[in-house]
Amino acid sequence: MQGKLNTYKKNDVGTADRGRLLLMIYDHCIKWANNAVEAINNGEIAQKNLALVKVQDGINELSYSLDLEKGGEIAKNLQNLYAFYNQHLVEANLKNSASHVKEVIAMLQDLRDAWSKAISTVRKDKNTAGRLQQSSQKSYISMVG
């Protein structure tokens, strides 16, 4: 069963568009951050460390994927925010602080929600533009045909 689940996940990642991949990375970070909180609360140091490393890996992936040239000020601000998240998670690990991790979770969730809305809006706009183009083509064909 685990093998089939891993195959499904690989296929999901392999076929996802950029927007979906971005949301998947945020989901990964949030999931592992919640695991870190649980591990801290249960006194499971090794699990906490593993979970925090997974969160930081995801945050680093988000940071590395930024196009600072095209993204301008927004990309630079996101890069600074991701650096802040990583620093906050280091402090969480050193202080064994679930509250530090929860703060990062809240910020990640807010950004994830904002990206989700933006991606949805872009998809709707593309679909609307596609339908308008098809409608225009049909109108043109009926006029000349």
# chains A, B, ... in the order shown; residues from 1 in each chain; ligands from 1
>>> residues_around(residues="A:Tyr85", least_positions_apart="6", cutoff="9 Å", atoms="only C-alpha atoms", output="PyMOL selection string")
chain A and resi 56+59+104+107-108
>>> closest_residue(among="A:Ala83, A:Leu50, A:Ile74, A:Leu21", to="A:Asn35", atoms="only C-alpha atoms")
A:Leu50
>>> residues_around(residues="A:Ser99", least_positions_apart="4", cutoff="12 Å", atoms="only C-alpha atoms", output="VMD selection string")
chain A and resid 33 to 34 36 to 38 40 to 41 88 to 89 91 to 93 95 103 to 106
>>> atom_distance(atom1="atom CA of A:Thr121", atom2="atom CA of A:Tyr64")
24.6 Å
>>> atom_distance(atom1="atom CA of A:Phe84", atom2="atom CA of A:Ile119")
24.4 Å
>>> decode(residues="stretch 24-131 of chain A", atoms="C-alpha atoms", output="CSV table (one decimal), in the first residue's frame")
chain,number,residue,atom,x,y,z
A,24,MET,CA,2.1,21.5,-2.4
A,25,ILE,CA,5.3,22.9,-0.9
A,26,TYR,CA,3.4,25.1,1.4
A,27,ASP,CA,1.2,22.1,2.5
A,28,HIS,CA,4.4,20.1,3.1
A,29,CYS,CA,5.8,22.8,5.3
A,30,ILE,CA,2.6,23.3,7.3
A,31,LYS,CA,2.2,19.5,7.8
A,32,TRP,CA,5.8,19.1,9.0
A,33,ALA,CA,5.5,22.2,11.2
A,34,ASN,CA,2.4,20.7,12.9
A,35,ASN,CA,4.4,17.5,13.3
A,36,ALA,CA,7.2,19.5,15.0
A,37,VAL,CA,4.7,21.1,17.4
A,38,GLU,CA,3.3,17.6,18.3
A,39,ALA,CA,6.8,16.3,18.8
A,40,ILE,CA,7.8,19.2,21.1
A,41,ASN,CA,4.6,18.7,23.1
A,42,ASN,CA,5.4,15.0,23.5
A,43,GLY,CA,9.1,15.5,24.3
A,44,GLU,CA,10.2,13.7,21.2
A,45,ILE,CA,13.5,15.5,20.4
A,46,ALA,CA,14.5,13.4,17.4
A,47,GLN,CA,11.1,13.7,15.8
A,48,LYS,CA,11.1,17.4,16.4
A,49,ASN,CA,14.5,17.8,14.8
A,50,LEU,CA,13.4,15.7,11.8
A,51,ALA,CA,10.2,17.7,11.4
A,52,LEU,CA,11.9,21.0,11.6
A,53,VAL,CA,14.5,20.0,9.0
A,54,LYS,CA,11.7,19.0,6.7
A,55,VAL,CA,10.0,22.4,7.2
A,56,GLN,CA,13.2,24.2,6.5
A,57,ASP,CA,13.9,22.1,3.4
A,58,GLY,CA,10.5,23.2,2.0
A,59,ILE,CA,11.1,26.8,2.9
A,60,ASN,CA,14.5,26.7,1.2
A,61,GLU,CA,12.8,25.2,-1.9
A,62,LEU,CA,10.3,28.2,-1.9
A,63,SER,CA,13.2,30.6,-1.5
A,64,TYR,CA,15.3,28.9,-4.3
A,65,SER,CA,12.4,29.0,-6.7
A,66,LEU,CA,12.1,32.8,-6.5
A,67,ASP,CA,13.0,34.7,-9.6
A,68,LEU,CA,14.5,37.9,-8.1
A,69,GLU,CA,14.9,39.5,-11.5
A,70,LYS,CA,11.4,39.0,-12.7
A,71,GLY,CA,9.8,39.1,-9.2
A,72,GLY,CA,11.3,42.4,-8.2
A,73,GLU,CA,10.4,43.8,-4.8
A,74,ILE,CA,7.9,41.1,-4.1
A,75,ALA,CA,10.4,38.3,-4.6
A,76,LYS,CA,12.9,40.1,-2.5
A,77,ASN,CA,10.4,40.5,0.3
A,78,LEU,CA,9.4,36.8,0.1
A,79,GLN,CA,13.1,35.9,0.2
A,80,ASN,CA,13.5,37.9,3.4
A,81,LEU,CA,10.3,36.4,4.9
A,82,TYR,CA,11.5,32.9,4.1
A,83,ALA,CA,14.9,33.7,5.8
A,84,PHE,CA,12.9,35.0,8.9
A,85,TYR,CA,10.9,31.7,9.0
A,86,ASN,CA,14.1,29.7,8.9
A,87,GLN,CA,15.7,31.8,11.7
A,88,HIS,CA,12.5,31.5,13.8
A,89,LEU,CA,12.5,27.7,13.3
A,90,VAL,CA,16.2,27.5,14.4
A,91,GLU,CA,15.2,29.4,17.6
A,92,ALA,CA,12.2,27.0,18.0
A,93,ASN,CA,14.6,24.1,17.9
A,94,LEU,CA,17.1,25.6,20.3
A,95,LYS,CA,14.4,26.8,22.8
A,96,ASN,CA,12.2,23.7,22.2
A,97,SER,CA,9.4,26.2,21.6
A,98,ALA,CA,6.1,25.1,20.1
A,99,SER,CA,4.9,28.7,20.1
A,100,HIS,CA,7.7,29.7,17.7
A,101,VAL,CA,6.7,26.9,15.3
A,102,LYS,CA,3.0,27.9,15.6
A,103,GLU,CA,3.8,31.5,14.7
A,104,VAL,CA,5.5,30.2,11.5
A,105,ILE,CA,2.6,27.9,10.8
A,106,ALA,CA,0.2,30.9,11.0
A,107,MET,CA,2.4,32.9,8.6
A,108,LEU,CA,2.8,30.0,6.2
A,109,GLN,CA,-0.9,29.4,6.2
A,110,ASP,CA,-1.7,33.1,5.4
A,111,LEU,CA,0.8,33.0,2.5
A,112,ARG,CA,-0.5,29.7,1.2
A,113,ASP,CA,-4.1,31.1,1.3
A,114,ALA,CA,-3.0,34.2,-0.5
A,115,TRP,CA,-1.2,32.2,-3.2
A,116,SER,CA,-4.2,29.9,-3.6
A,117,LYS,CA,-6.5,32.8,-4.2
A,118,ALA,CA,-4.1,34.4,-6.7
A,119,ILE,CA,-3.7,31.1,-8.6
A,120,SER,CA,-7.4,30.5,-8.7
A,121,THR,CA,-8.0,34.1,-10.0
A,122,VAL,CA,-5.4,33.6,-12.8
A,123,ARG,CA,-6.9,30.3,-13.8
A,124,LYS,CA,-10.4,31.8,-14.0
A,125,ASP,CA,-9.1,34.7,-16.0
A,126,LYS,CA,-7.3,32.3,-18.4
A,127,ASN,CA,-10.5,30.2,-18.8
A,128,THR,CA,-12.6,33.3,-19.4
A,129,ALA,CA,-10.1,34.5,-22.0
A,130,GLY,CA,-10.1,31.1,-23.7
A,131,ARG,CA,-13.9,31.1,-23.9
